[in-house]
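J.: If you scroll down you'll find the structure; I have some questions about it.
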Amino acid sequence: ESERAHRATGLRVWDGGIVLARYMEQYAKAKSASKLKALELGCGTGIAGFGLAYLGHDVVLSDLGELQQQSTEANIQRNASQVASGGGQICYRTLDWNKLPERSSFGAFDVVFAGDVIWHETLVEPFLNALTWVCSGAGTKDIVLSHKIRDQESVAVFEEMAAKRGLSIAQKVVSDQLLGEEEGHPEVTIYHLSQSAC
């Protein structure tokens with residue numbers, strides 16, 4: 001039952017994903033001069049990625065597993081006309097953080113983002129593998145993480161391991177301070193990360 005529940009986490013919307021969608025909308029509006037090319041890691045339902053695509057940006061949703069792929073691709077089909085009417089594009093790519101593909105096939109990204117993907121400390125190292133992979137090759141300009149604090153241990157492991165990987169935390173703010181009480185959440189933190197290689 002635990003393994004099944006672990007695999008199904010991407011089939012529902014989490015607080016960190018909702019906050020990330022709201023935050024990425026503001027992020028994109030602040031970058032309004034250009035069309036963004038974005039990658040969502042561990043997209044689940046894709047709520048944040050769809051928000052960007054509706055605003056006219058190009059988004060690659062990525063996650064793992066056949067059931068997740070079917071669910072996300074069905075969401076893409078259901079929302080295709082709304083994405084197209086906004087001038088955006090959205091697609092899905094399977095991305096296993098433990099078996100990362102050749103980086104060049106993905107190209108450069110303006111922003112890479114993820115929501116609620118390090119909820120357990122065993123997910124931290126694979127997520128950081130994915131971020132290191134993203135920063136290689138063509139790289140990315142910005143990395144955004146939305147994380148609902150469930151335990152301080154996974155947060156401490158993430159921050160320590162990120163520093164060892166050369167990822168610096170440029171910003172760490174509780175989301176209700178950034179988005180207000182209506183849009184933010186007092187237990188969800190927004191991180192901006194950077195690495196010289198990105």
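Every chain in the structure tokens takes a letter, A first, then B, and so on in the order presented; its residues are numbered from 1, and the ligands are numbered from 1 following the presented order.
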Applying 9 Å and only C-alpha atoms, which residues near Gln82 of chain A remain after dropping the ones on its own chain fewer than 4 positions away? List them as a PyMOL selection string.
T.: chain A and resi 53-54+78+86-88
J.: Using only C-alpha atoms, I'd like a table of the residues in segment 11-58 of chain A that come within 9 Å of segment 110-125 of chain A; for each, show the closest atom pair and its distance in Å rounded to one decimal, ordered by chain and ascending number, as CSV.
T.:
```
residue,atom,partner,partner_atom,distance
A:Trp14,CA,A:Asp116,CA,7.2
A:Asp15,CA,A:Asp116,CA,7.9
A:Gly16,CA,A:Asp116,CA,5.1
A:Gly17,CA,A:Gly115,CA,4.9
A:Ile18,CA,A:Gly115,CA,8.4
A:Val19,CA,A:Gly115,CA,8.3
A:Leu20,CA,A:Gly115,CA,6.1
A:Ala21,CA,A:Gly115,CA,8.8
A:Met24,CA,A:Phe113,CA,8.6
A:Leu36,CA,A:Asp110,CA,5.8
A:Lys37,CA,A:Asp110,CA,5.3
A:Ala38,CA,A:Val111,CA,5.0
A:Leu39,CA,A:Val112,CA,4.7
A:Glu40,CA,A:Phe113,CA,5.0
A:Leu41,CA,A:Ala114,CA,5.1
A:Gly42,CA,A:Ala114,CA,6.3
A:Cys43,CA,A:Ala114,CA,6.8
A:Ala48,CA,A:Gly115,CA,8.3
A:Gly49,CA,A:Phe113,CA,8.7
```
J.: Here is a test: counting only C-alpha atoms, which residue of A:Glu159, A:Leu55, A:Asp63, A:Val174 is nearest to Ser85 of chain A?
T.: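 Using only C-alpha atoms, the shortest distance to Ser85 of chain A belongs to A:Leu55.
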J.: With only C-alpha atoms as the basis for distance, which of A:Leu178, A:Leu128, A:Val157, A:Ile169 is at the shortest distance from Gln26 of chain A?
T.: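 Checking each candidate against Gln26 of chain A, we get A:Leu178 as the closest.
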J.: Could you pull out the helix (DSSP H, G or I) residues of segment 45-117 of chain A from DSSP and send them as a PyMOL selection string?
T.: chain A and resi 47-54+66-78+80-85+103-105
J.: How would the residues just chosen look if you wrote them out with C-alpha atoms as a PDB file, in the first residue's frame?
T.:
```
ATOM      1  CA  ILE A  47      -1.068  22.787 -12.489  1.00  0.00           C
ATOM      2  CA  ALA A  48       1.843  25.253 -12.449  1.00  0.00           C
ATOM      3  CA  GLY A  49       2.953  24.379 -15.968  1.00  0.00           C
ATOM      4  CA  PHE A  50      -0.545  24.831 -17.341  1.00  0.00           C
ATOM      5  CA  GLY A  51      -0.721  28.247 -15.697  1.00  0.00           C
ATOM      6  CA  LEU A  52       2.397  29.334 -17.587  1.00  0.00           C
ATOM      7  CA  ALA A  53       1.197  27.814 -20.875  1.00  0.00           C
ATOM      8  CA  TYR A  54      -2.154  29.647 -20.573  1.00  0.00           C
ATOM      9  CA  GLU A  66       3.099   5.174 -17.112  1.00  0.00           C
ATOM     10  CA  LEU A  67       0.006   6.075 -15.070  1.00  0.00           C
ATOM     11  CA  GLN A  68       1.394   9.574 -14.482  1.00  0.00           C
ATOM     12  CA  GLN A  69       2.144   9.995 -18.184  1.00  0.00           C
ATOM     13  CA  GLN A  70      -1.381   8.930 -19.156  1.00  0.00           C
ATOM     14  CA  SER A  71      -2.948  11.278 -16.620  1.00  0.00           C
ATOM     15  CA  THR A  72      -0.801  14.277 -17.568  1.00  0.00           C
ATOM     16  CA  GLU A  73      -1.231  13.714 -21.296  1.00  0.00           C
ATOM     17  CA  ALA A  74      -5.007  13.519 -20.763  1.00  0.00           C
ATOM     18  CA  ASN A  75      -4.811  16.879 -18.952  1.00  0.00           C
ATOM     19  CA  ILE A  76      -2.883  18.292 -21.910  1.00  0.00           C
ATOM     20  CA  GLN A  77      -5.593  17.094 -24.312  1.00  0.00           C
ATOM     21  CA  ARG A  78      -8.379  18.551 -22.137  1.00  0.00           C
ATOM     22  CA  ALA A  80      -5.202  22.088 -25.528  1.00  0.00           C
ATOM     23  CA  SER A  81      -7.589  24.735 -26.853  1.00  0.00           C
ATOM     24  CA  GLN A  82      -7.104  27.016 -23.838  1.00  0.00           C
ATOM     25  CA  VAL A  83      -3.305  26.721 -24.111  1.00  0.00           C
ATOM     26  CA  ALA A  84      -3.430  27.405 -27.871  1.00  0.00           C
ATOM     27  CA  SER A  85      -5.724  30.417 -27.444  1.00  0.00           C
ATOM     28  CA  ARG A 103      20.744  16.634 -21.784  1.00  0.00           C
ATOM     29  CA  SER A 104      21.046  18.081 -25.299  1.00  0.00           C
ATOM     30  CA  SER A 105      17.671  16.663 -26.384  1.00  0.00           C
TER      31      SER A 105
END
```
J.: Ranking A:Gly56, A:Val144, A:Trp133, A:Gln89 by minimum distance to Pro101 of chain A and counting only C-alpha atoms, which one comes first?
T.: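 For Pro101 of chain A, the nearest of the candidates is A:Trp133.
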J.: When distances are computed from only C-alpha atoms, which of A:Val60, A:Gly107, A:Arg22, A:Ala130 shows the smallest separation from His185 of chain A?
T.: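 Ranked by minimum distance to His185 of chain A, first place goes to A:Arg22.
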J.: Find the residue from A:Lys29, A:Lys172, A:His57, A:Lys148 that sits nearest to Phe109 of chain A; use only C-alpha atoms when measuring.
T.: A:His57
J.: As a list of chain:residue names, list the residues of segment 151-197 of chain A assigned to strand (DSSP E or B) by DSSP on the backbone atoms of this structure.
T.: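 Everything in segment 151-197 of chain A that counts as strand (DSSP E or B) is A:Ser168, A:Ile169, A:Ala170, A:Gln171, A:Lys172, A:Val173, A:Val174, A:Val188, A:Thr189, A:Ile190, A:Tyr191, A:His192, A:Leu193, A:Ser194.
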J.: Selected residues, N, CA and C atoms, written as a PDB file, in the first residue's frame, please.
T.:
```
ATOM      1  N   SER A 168      23.206  27.606  -4.950  1.00  0.00           N
ATOM      2  CA  SER A 168      23.030  28.547  -3.850  1.00  0.00           C
ATOM      3  C   SER A 168      21.571  28.982  -3.779  1.00  0.00           C
ATOM      4  N   ILE A 169      21.119  29.209  -2.562  1.00  0.00           N
ATOM      5  CA  ILE A 169      19.750  29.675  -2.347  1.00  0.00           C
ATOM      6  C   ILE A 169      19.780  31.202  -2.425  1.00  0.00           C
ATOM      7  N   ALA A 170      19.300  31.714  -3.547  1.00  0.00           N
ATOM      8  CA  ALA A 170      19.282  33.161  -3.758  1.00  0.00           C
ATOM      9  C   ALA A 170      18.132  33.810  -2.996  1.00  0.00           C
ATOM     10  N   GLN A 171      17.045  33.049  -2.815  1.00  0.00           N
ATOM     11  CA  GLN A 171      15.876  33.563  -2.089  1.00  0.00           C
ATOM     12  C   GLN A 171      15.148  32.390  -1.441  1.00  0.00           C
ATOM     13  N   LYS A 172      14.704  32.594  -0.212  1.00  0.00           N
ATOM     14  CA  LYS A 172      13.901  31.611   0.512  1.00  0.00           C
ATOM     15  C   LYS A 172      12.881  32.412   1.318  1.00  0.00           C
ATOM     16  N   VAL A 173      11.613  32.363   0.875  1.00  0.00           N
ATOM     17  CA  VAL A 173      10.580  33.192   1.489  1.00  0.00           C
ATOM     18  C   VAL A 173       9.303  32.373   1.651  1.00  0.00           C
ATOM     19  N   VAL A 174       8.660  32.501   2.798  1.00  0.00           N
ATOM     20  CA  VAL A 174       7.362  31.860   3.005  1.00  0.00           C
ATOM     21  C   VAL A 174       6.374  32.492   2.024  1.00  0.00           C
ATOM     22  N   VAL A 188       4.175  26.921   3.050  1.00  0.00           N
ATOM     23  CA  VAL A 188       4.824  26.704   1.757  1.00  0.00           C
ATOM     24  C   VAL A 188       5.888  27.771   1.542  1.00  0.00           C
ATOM     25  N   THR A 189       7.108  27.314   1.284  1.00  0.00           N
ATOM     26  CA  THR A 189       8.246  28.208   1.058  1.00  0.00           C
ATOM     27  C   THR A 189       8.605  28.203  -0.427  1.00  0.00           C
ATOM     28  N   ILE A 190       8.945  29.393  -0.930  1.00  0.00           N
ATOM     29  CA  ILE A 190       9.420  29.535  -2.301  1.00  0.00           C
ATOM     30  C   ILE A 190      10.934  29.736  -2.256  1.00  0.00           C
ATOM     31  N   TYR A 191      11.639  28.896  -3.000  1.00  0.00           N
ATOM     32  CA  TYR A 191      13.085  28.995  -3.135  1.00  0.00           C
ATOM     33  C   TYR A 191      13.428  29.458  -4.556  1.00  0.00           C
ATOM     34  N   HIS A 192      14.400  30.339  -4.669  1.00  0.00           N
ATOM     35  CA  HIS A 192      15.065  30.616  -5.937  1.00  0.00           C
ATOM     36  C   HIS A 192      16.487  30.119  -5.777  1.00  0.00           C
ATOM     37  N   LEU A 193      16.913  29.251  -6.668  1.00  0.00           N
ATOM     38  CA  LEU A 193      18.248  28.670  -6.622  1.00  0.00           C
ATOM     39  C   LEU A 193      19.051  29.112  -7.830  1.00  0.00           C
ATOM     40  N   SER A 194      20.343  29.170  -7.649  1.00  0.00           N
ATOM     41  CA  SER A 194      21.201  29.479  -8.788  1.00  0.00           C
ATOM     42  C   SER A 194      22.494  28.676  -8.683  1.00  0.00           C
TER      43      SER A 194
END
```
J.: Could you state the separation of atom CA of Asp142 of chain A and atom CA of Asp176 of chain A in Å, given to one decimal place?
T.: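 For atom CA of Asp142 of chain A relative to atom CA of Asp176 of chain A, the distance reads 21.2 Å.
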J.: Could you please determine the separation between atom CA of Cys91 of chain A and atom CA of Gly44 of chain A in Å, to one decimal place?
T.: 13.1 Å
